[in-house]
Each structure stands twice: as C-alpha cells, then as structure tokens.
file start-v7.tsv (TSV, C-alpha atoms)
chain	number	residue	atom	x	y	z
A	720	MET	CA	0.00	0.00	0.00
A	721	ASN	CA	2.73	2.47	1.03
A	722	LYS	CA	4.86	1.50	-1.95
A	723	GLU	CA	1.94	2.12	-4.31
A	724	VAL	CA	1.29	5.54	-2.76
A	725	GLU	CA	4.98	6.47	-2.96
A	726	GLU	CA	5.08	5.42	-6.63
A	727	LYS	CA	2.08	7.60	-7.39
A	728	LYS	CA	3.64	10.56	-5.54
A	729	ASP	CA	6.85	10.10	-7.55
A	730	LYS	CA	4.84	10.08	-10.78
A	731	VAL	CA	3.21	13.37	-9.82
A	732	ARG	CA	6.56	14.93	-8.83
A	733	LYS	CA	8.24	13.80	-12.08
A	734	GLY	CA	5.40	15.06	-14.29
A	735	LEU	CA	5.09	18.39	-12.49
A	736	LYS	CA	5.91	21.67	-14.25
A	737	ILE	CA	5.05	24.96	-12.58
A	738	SER	CA	5.48	28.48	-13.93
A	739	LYS	CA	7.71	30.72	-11.81
A	740	LEU	CA	5.86	31.71	-8.67
A	741	PRO	CA	6.02	35.34	-7.51
A	742	LYS	CA	7.89	36.14	-4.28
A	743	GLY	CA	5.75	35.29	-1.28
A	744	ALA	CA	3.36	32.95	-3.15
A	745	THR	CA	3.02	29.30	-2.17
A	746	LEU	CA	1.70	26.21	-3.92
A	747	VAL	CA	1.07	23.00	-1.98
A	748	ILE	CA	0.16	19.77	-3.77
A	749	SER	CA	-1.16	16.82	-1.81
A	750	MET	CA	-2.62	13.42	-2.62
A	751	LYS	CA	-5.70	11.86	-1.06
A	752	VAL	CA	-4.89	8.53	0.56
A	753	GLY	CA	-7.99	7.01	2.19
A	754	ASP	CA	-9.47	9.78	4.33
A	755	ARG	CA	-6.25	11.79	4.72
A	756	TYR	CA	-3.95	13.82	2.46
A	757	GLU	CA	-0.24	13.20	1.95
A	758	LEU	CA	2.11	15.98	0.91
A	759	VAL	CA	3.55	15.69	-2.59
A	760	HIS	CA	5.12	19.09	-3.26
A	761	ILE	CA	5.61	22.52	-1.72
A	762	GLY	CA	6.58	25.40	-4.01
A	763	GLN	CA	7.48	28.90	-2.85
A	764	GLY	CA	8.23	31.98	-4.94
A	765	ASP	CA	11.62	33.65	-4.45
B	574	MET	CA	-13.04	81.84	-15.33
B	575	ASP	CA	-9.23	81.61	-14.95
B	576	LYS	CA	-9.77	80.15	-11.52
B	577	VAL	CA	-12.00	77.36	-12.94
B	578	ILE	CA	-9.47	76.58	-15.69
B	579	LYS	CA	-6.71	76.33	-13.09
B	580	MET	CA	-8.83	73.94	-11.04
B	581	VAL	CA	-9.56	71.79	-14.13
B	582	TYR	CA	-5.85	71.78	-14.97
B	583	ARG	CA	-4.98	70.67	-11.43
B	584	ARG	CA	-7.53	67.84	-11.67
B	585	LEU	CA	-5.98	66.76	-14.99
B	586	GLU	CA	-2.55	66.64	-13.33
B	587	GLU	CA	-3.99	64.54	-10.51
B	588	LEU	CA	-5.57	62.23	-13.07
B	589	LYS	CA	-2.23	61.85	-14.90
B	590	ASP	CA	-0.55	60.91	-11.59
B	591	ALA	CA	-3.30	58.39	-10.85
B	592	ILE	CA	-2.78	56.77	-14.27
B	593	LYS	CA	0.98	56.58	-13.65
B	594	ARG	CA	0.35	54.90	-10.29
B	595	TRP	CA	-2.02	52.51	-11.98
B	596	LEU	CA	0.62	51.61	-14.57
B	597	ARG	CA	3.25	51.12	-11.87
B	598	GLY	CA	1.28	49.09	-9.38
B	599	TYR	CA	-1.06	46.93	-11.38
B	600	HIS	CA	-0.12	43.97	-13.53
B	601	GLU	CA	-1.34	40.63	-14.83
B	602	TYR	CA	0.03	37.34	-13.66
B	603	LEU	CA	-0.27	33.96	-15.34
B	604	VAL	CA	-0.01	30.70	-13.42
B	605	ARG	CA	0.55	27.45	-15.31
B	606	ILE	CA	0.76	24.03	-13.71
B	607	ASP	CA	1.28	20.89	-15.83
B	608	LEU	CA	0.76	17.66	-13.95
B	609	THR	CA	0.31	13.91	-14.14
B	610	ILE	CA	-2.76	12.56	-12.36
B	611	PRO	CA	-2.16	8.87	-11.58
B	612	ALA	CA	-5.02	6.38	-12.10
B	613	GLY	CA	-7.65	6.43	-9.36
B	614	THR	CA	-5.98	9.37	-7.59
B	615	THR	CA	-7.27	12.63	-6.16
B	616	LEU	CA	-4.83	15.56	-6.05
B	617	THR	CA	-5.30	18.84	-4.22
B	618	LEU	CA	-3.52	22.00	-5.35
B	619	GLU	CA	-3.60	24.82	-2.82
B	620	PHE	CA	-2.37	28.20	-3.99
B	621	ALA	CA	-1.82	31.30	-1.86
B	622	PRO	CA	-0.75	34.63	-3.42
B	623	PRO	CA	1.80	36.91	-1.67
B	624	ALA	CA	0.40	38.59	1.46
B	625	ASP	CA	1.25	42.12	0.21
B	626	GLU	CA	-0.76	41.70	-3.00
B	627	VAL	CA	-4.43	41.24	-3.87
B	628	TRP	CA	-5.25	38.98	-6.79
B	629	PHE	CA	-8.40	39.13	-8.86
B	630	LYS	CA	-9.01	35.97	-10.82
B	631	GLU	CA	-9.74	36.89	-14.43
B	632	ASP	CA	-9.53	33.71	-16.48
B	633	TYR	CA	-9.31	30.03	-15.83
B	634	LYS	CA	-8.52	27.15	-18.19
B	635	PHE	CA	-8.04	23.47	-17.61
B	636	LYS	CA	-6.73	21.17	-20.34
B	637	VAL	CA	-6.94	17.37	-20.21
B	638	ASP	CA	-5.63	14.55	-22.42
B	639	LYS	CA	-8.84	12.46	-22.13
B	640	LEU	CA	-12.47	13.48	-21.75
B	641	ASP	CA	-15.06	12.30	-19.21
B	642	VAL	CA	-12.59	10.74	-16.76
B	643	ILE	CA	-11.30	13.75	-14.79
B	644	LYS	CA	-13.45	15.41	-12.13
B	645	MET	CA	-12.63	18.86	-10.83
B	646	SER	CA	-13.65	21.13	-7.98
B	647	TYR	CA	-12.58	24.71	-7.38
B	648	TYR	CA	-12.73	26.64	-4.09
B	649	ALA	CA	-11.78	30.32	-3.66
B	650	ASP	CA	-11.30	31.53	-0.08
B	651	GLY	CA	-13.32	28.56	1.16
B	652	GLU	CA	-16.23	29.26	-1.19
B	653	VAL	CA	-17.28	26.57	-3.69
B	654	ILE	CA	-16.98	27.94	-7.24
B	655	PHE	CA	-17.73	24.58	-8.84
B	656	LYS	CA	-17.70	21.03	-7.51
B	657	ASP	CA	-17.15	17.54	-9.01
B	658	LEU	CA	-17.32	18.86	-12.55
B	659	LEU	CA	-16.64	16.04	-15.03
B	660	ILE	CA	-14.38	17.50	-17.71
B	661	GLY	CA	-16.10	16.85	-21.03
B	662	GLU	CA	-14.08	19.29	-23.15
B	663	ASN	CA	-10.37	19.25	-23.98
B	664	GLU	CA	-10.09	22.83	-22.88
B	665	LEU	CA	-12.44	23.95	-20.14
B	666	GLU	CA	-12.75	27.72	-19.78
B	667	MET	CA	-14.20	29.73	-16.90
B	668	PRO	CA	-14.07	33.29	-18.20
B	669	ASN	CA	-16.58	34.95	-15.87
B	670	LEU	CA	-14.55	35.12	-12.70
B	671	GLY	CA	-13.53	38.78	-13.06
B	672	THR	CA	-14.66	40.03	-9.67
B	673	LEU	CA	-13.36	37.15	-7.62
B	674	THR	CA	-10.58	38.18	-5.21
B	675	VAL	CA	-8.41	35.32	-4.09
B	676	ARG	CA	-6.42	34.86	-0.88
B	677	ASN	CA	-6.50	31.10	-1.10
B	678	ALA	CA	-7.41	28.94	-4.10
B	679	VAL	CA	-7.90	25.18	-3.88
B	680	ILE	CA	-8.26	22.94	-6.93
B	681	VAL	CA	-9.23	19.29	-6.42
B	682	ILE	CA	-8.56	16.98	-9.40
B	683	GLU	CA	-9.73	13.37	-9.46
B	684	ASN	CA	-8.72	10.81	-12.08
B	685	THR	CA	-11.55	8.26	-12.17
B	686	ASP	CA	-9.86	6.21	-14.91
B	687	THR	CA	-7.72	3.06	-14.55
B	688	VAL	CA	-4.79	4.67	-16.40
B	689	ASP	CA	-2.72	7.80	-15.72
B	690	HIS	CA	-3.63	11.10	-17.36
B	691	THR	CA	-2.13	14.55	-17.73
B	692	GLY	CA	-3.67	17.97	-17.34
B	693	SER	CA	-2.74	21.65	-17.30
B	694	VAL	CA	-4.15	24.39	-15.11
B	695	LEU	CA	-3.86	27.91	-16.53
B	696	GLU	CA	-4.98	30.88	-14.48
B	697	LYS	CA	-4.83	34.58	-15.23
B	698	TYR	CA	-4.94	37.11	-12.40
B	699	LEU	CA	-5.05	40.88	-12.18
B	700	VAL	CA	-2.62	41.73	-9.39
B	701	ILE	CA	-2.56	44.95	-7.37
B	702	PRO	CA	-0.49	45.88	-4.32
B	703	LYS	CA	-2.45	45.45	-1.08
B	704	SER	CA	-1.86	49.13	-0.20
B	705	GLU	CA	-3.47	50.21	-3.49
B	706	PHE	CA	-6.33	47.80	-2.93
B	707	ASP	CA	-6.94	49.27	0.55
B	708	LYS	CA	-7.05	52.77	-0.98
B	709	LEU	CA	-9.60	51.58	-3.53
B	710	VAL	CA	-11.70	50.07	-0.75
B	711	ARG	CA	-11.65	53.39	1.17
B	712	GLU	CA	-12.59	55.32	-1.99
B	713	ALA	CA	-15.42	52.88	-2.72
B	714	GLU	CA	-16.69	53.21	0.86
B	715	LYS	CA	-16.64	57.03	0.59
B	716	GLU	CA	-18.48	56.83	-2.72
B	717	GLU	CA	-21.07	54.52	-1.18
B	718	VAL	CA	-21.63	56.97	1.71
B	719	TRP	CA	-21.88	59.87	-0.77
B	720	LEU	CA	-24.41	57.96	-2.88
B	721	TRP	CA	-26.38	57.00	0.23
B	722	LEU	CA	-26.50	60.63	1.43
B	723	HIS	CA	-27.63	61.89	-1.97
B	724	GLN	CA	-30.31	59.26	-2.39
B	725	LYS	CA	-32.08	60.47	0.77
call {"tool": "encode", "arguments": {"input": "start-v7.tsv", "output": "structure tokens"}}
result
Amino acid sequence: MNKEVEEKKDKVRKGLKISKLPKGATLVISMKVGDRYELVHIGQGD
Amino acid sequence: MDKVIKMVYRRLEELKDAIKRWLRGYHEYLVRIDLTIPAGTTLTLEFAPPADEVWFKEDYKFKVDKLDVIKMSYYADGEVIFKDLLIGENELEMPNLGTLTVRNAVIVIENTDTVDHTGSVLEKYLVIPKSEFDKLVREAEKEEVWLWLHQK
C-alpha cells in the first residue's frame, strides 16, 4: 500500500511543471490517501 | 473663469498621476501548472498569493488529455466555485470570474480512470499591491456613503 502511494507521488513529482511563482506565493500539492492527504510538493516563490 | 481653468488643470494633473500609479502598481500574472494525475488518484492544489498583493481571478482554463474521466472542484477563499465537474471538453474555460478576489485557491482533481492522465491548469490574475487595494476600498466606501447621502 505504502509503496503504491509512494510510486504515485513520484509520478506526480516527475510530471510536475510549474510556472515561476512570484515572491511570497506558495503552492502545496497533496494526494488523497484514504481519508487523509499526503504531501507531494511545496513550491514557494523567491 | 481663470480660476476654474486652473482647477480643471490641477484635476488633470492629478488624473495623470493616478494613471501613472495605476501603470506602476497593477499587472497581470499567469499561473501554469502541468501535472500527471495517476489512475484512481485525487490531487489537491492549494495556492496562496503573496500577502502584500491582492489577486483578482480573471480567467481560468483546464486542459486534459482524455475526456469524461477527470473530475474537478474549485474553491476560492473557502467558497465553492464549482464542484465535481466532469471535464467533457479538452479545454475547459471559466471566463466569468472577473470580480473574484483570491487569498486562497484550492483545486481538487480526481482521475476516475484506470490509467494515468495529464492535465494543465492555466490561471490569469489581475494583481494589485495590497496598499493600493486598501485605498480603492476606502474610496469605494466614501463613494457609497456619498451615494447613500444623496439618495435620501
């Protein structure tokens, strides 16, 4: 189960392309696993 | 008469300054996120603009590689804008969001298919400094009071 979730998270991370975020902006991507969410990516503008 | 012309001229100068401030402080910002949505997975994208800016959402597009398998929900500042929308077009557009100010945007994307898919989120915002926004709010409040007084 954990391995499957980790593989999916890796897929999302590898396929992710985000335009440059402005300074002070944040983008958080998470994945629903059962009734909770697991963090996949945190992006912050600089 | 000279006095009136001088006053009009002064107002024109003020207007020119206001336009310059507008050009300096206001701009558009485009956000693009390309992502893979694994089979049977729900992803949540939470976006927060900088604290010293106010963002007005102007345009929204979502592109998918397969129709009728991706469900989407969109929340702005906790308010539901749309929920569990099954994407039935390659390029979904939401052009009528012009007055929506955003401090926190949440997009929920669900892939109901048994294979992975890809999608792109494209958002266009009108951005203004928070200080300018606060001034506009004060001006709007004054105008509202003025209108209220003159409607009596």
call {"tool": "residues_near_point", "arguments": {"input": "start-v7.tsv", "point": "(7.6, 24.9, -0.9)", "cutoff": "7 Å", "atoms": "all atoms listed in the file", "output": "ChimeraX atom specification"}}
result
/A:745-747,760-763
call {"tool": "write_last_selection", "arguments": {"input": "start-v7.tsv", "atoms": "C-alpha atoms", "output": "CSV table (one decimal), in the coordinates of the input"}}
result
chain,number,residue,atom,x,y,z
A,745,THR,CA,3.0,29.3,-2.2
A,746,LEU,CA,1.7,26.2,-3.9
A,747,VAL,CA,1.1,23.0,-2.0
A,760,HIS,CA,5.1,19.1,-3.3
A,761,ILE,CA,5.6,22.5,-1.7
A,762,GLY,CA,6.6,25.4,-4.0
A,763,GLN,CA,7.5,28.9,-2.8
call {"tool": "closest_residue", "arguments": {"input": "start-v7.tsv", "among": "A:Ala744, A:Lys722, A:Ser738, A:Lys730", "to": "Val759 (chain A)", "atoms": "all atoms listed in the file"}}
result
A:Lys730
call {"tool": "atom_distance", "arguments": {"input": "start-v7.tsv", "atom1": "CA of Glu664 (chain B)", "atom2": "CA of Asn677 (chain B)"}}
result
23.6 Å
call {"tool": "closest_residue", "arguments": {"input": "start-v7.tsv", "among": "A:Lys728, A:Asn721, A:Leu740, A:Gly734", "to": "Leu758 (chain A)", "atoms": "only C-alpha atoms"}}
result
A:Lys728
call {"tool": "closest_residue", "arguments": {"input": "start-v7.tsv", "among": "A:Glu725, A:Gly764, A:Leu735, A:Val752", "to": "chain B", "atoms": "all atoms listed in the file"}}
result
A:Leu735
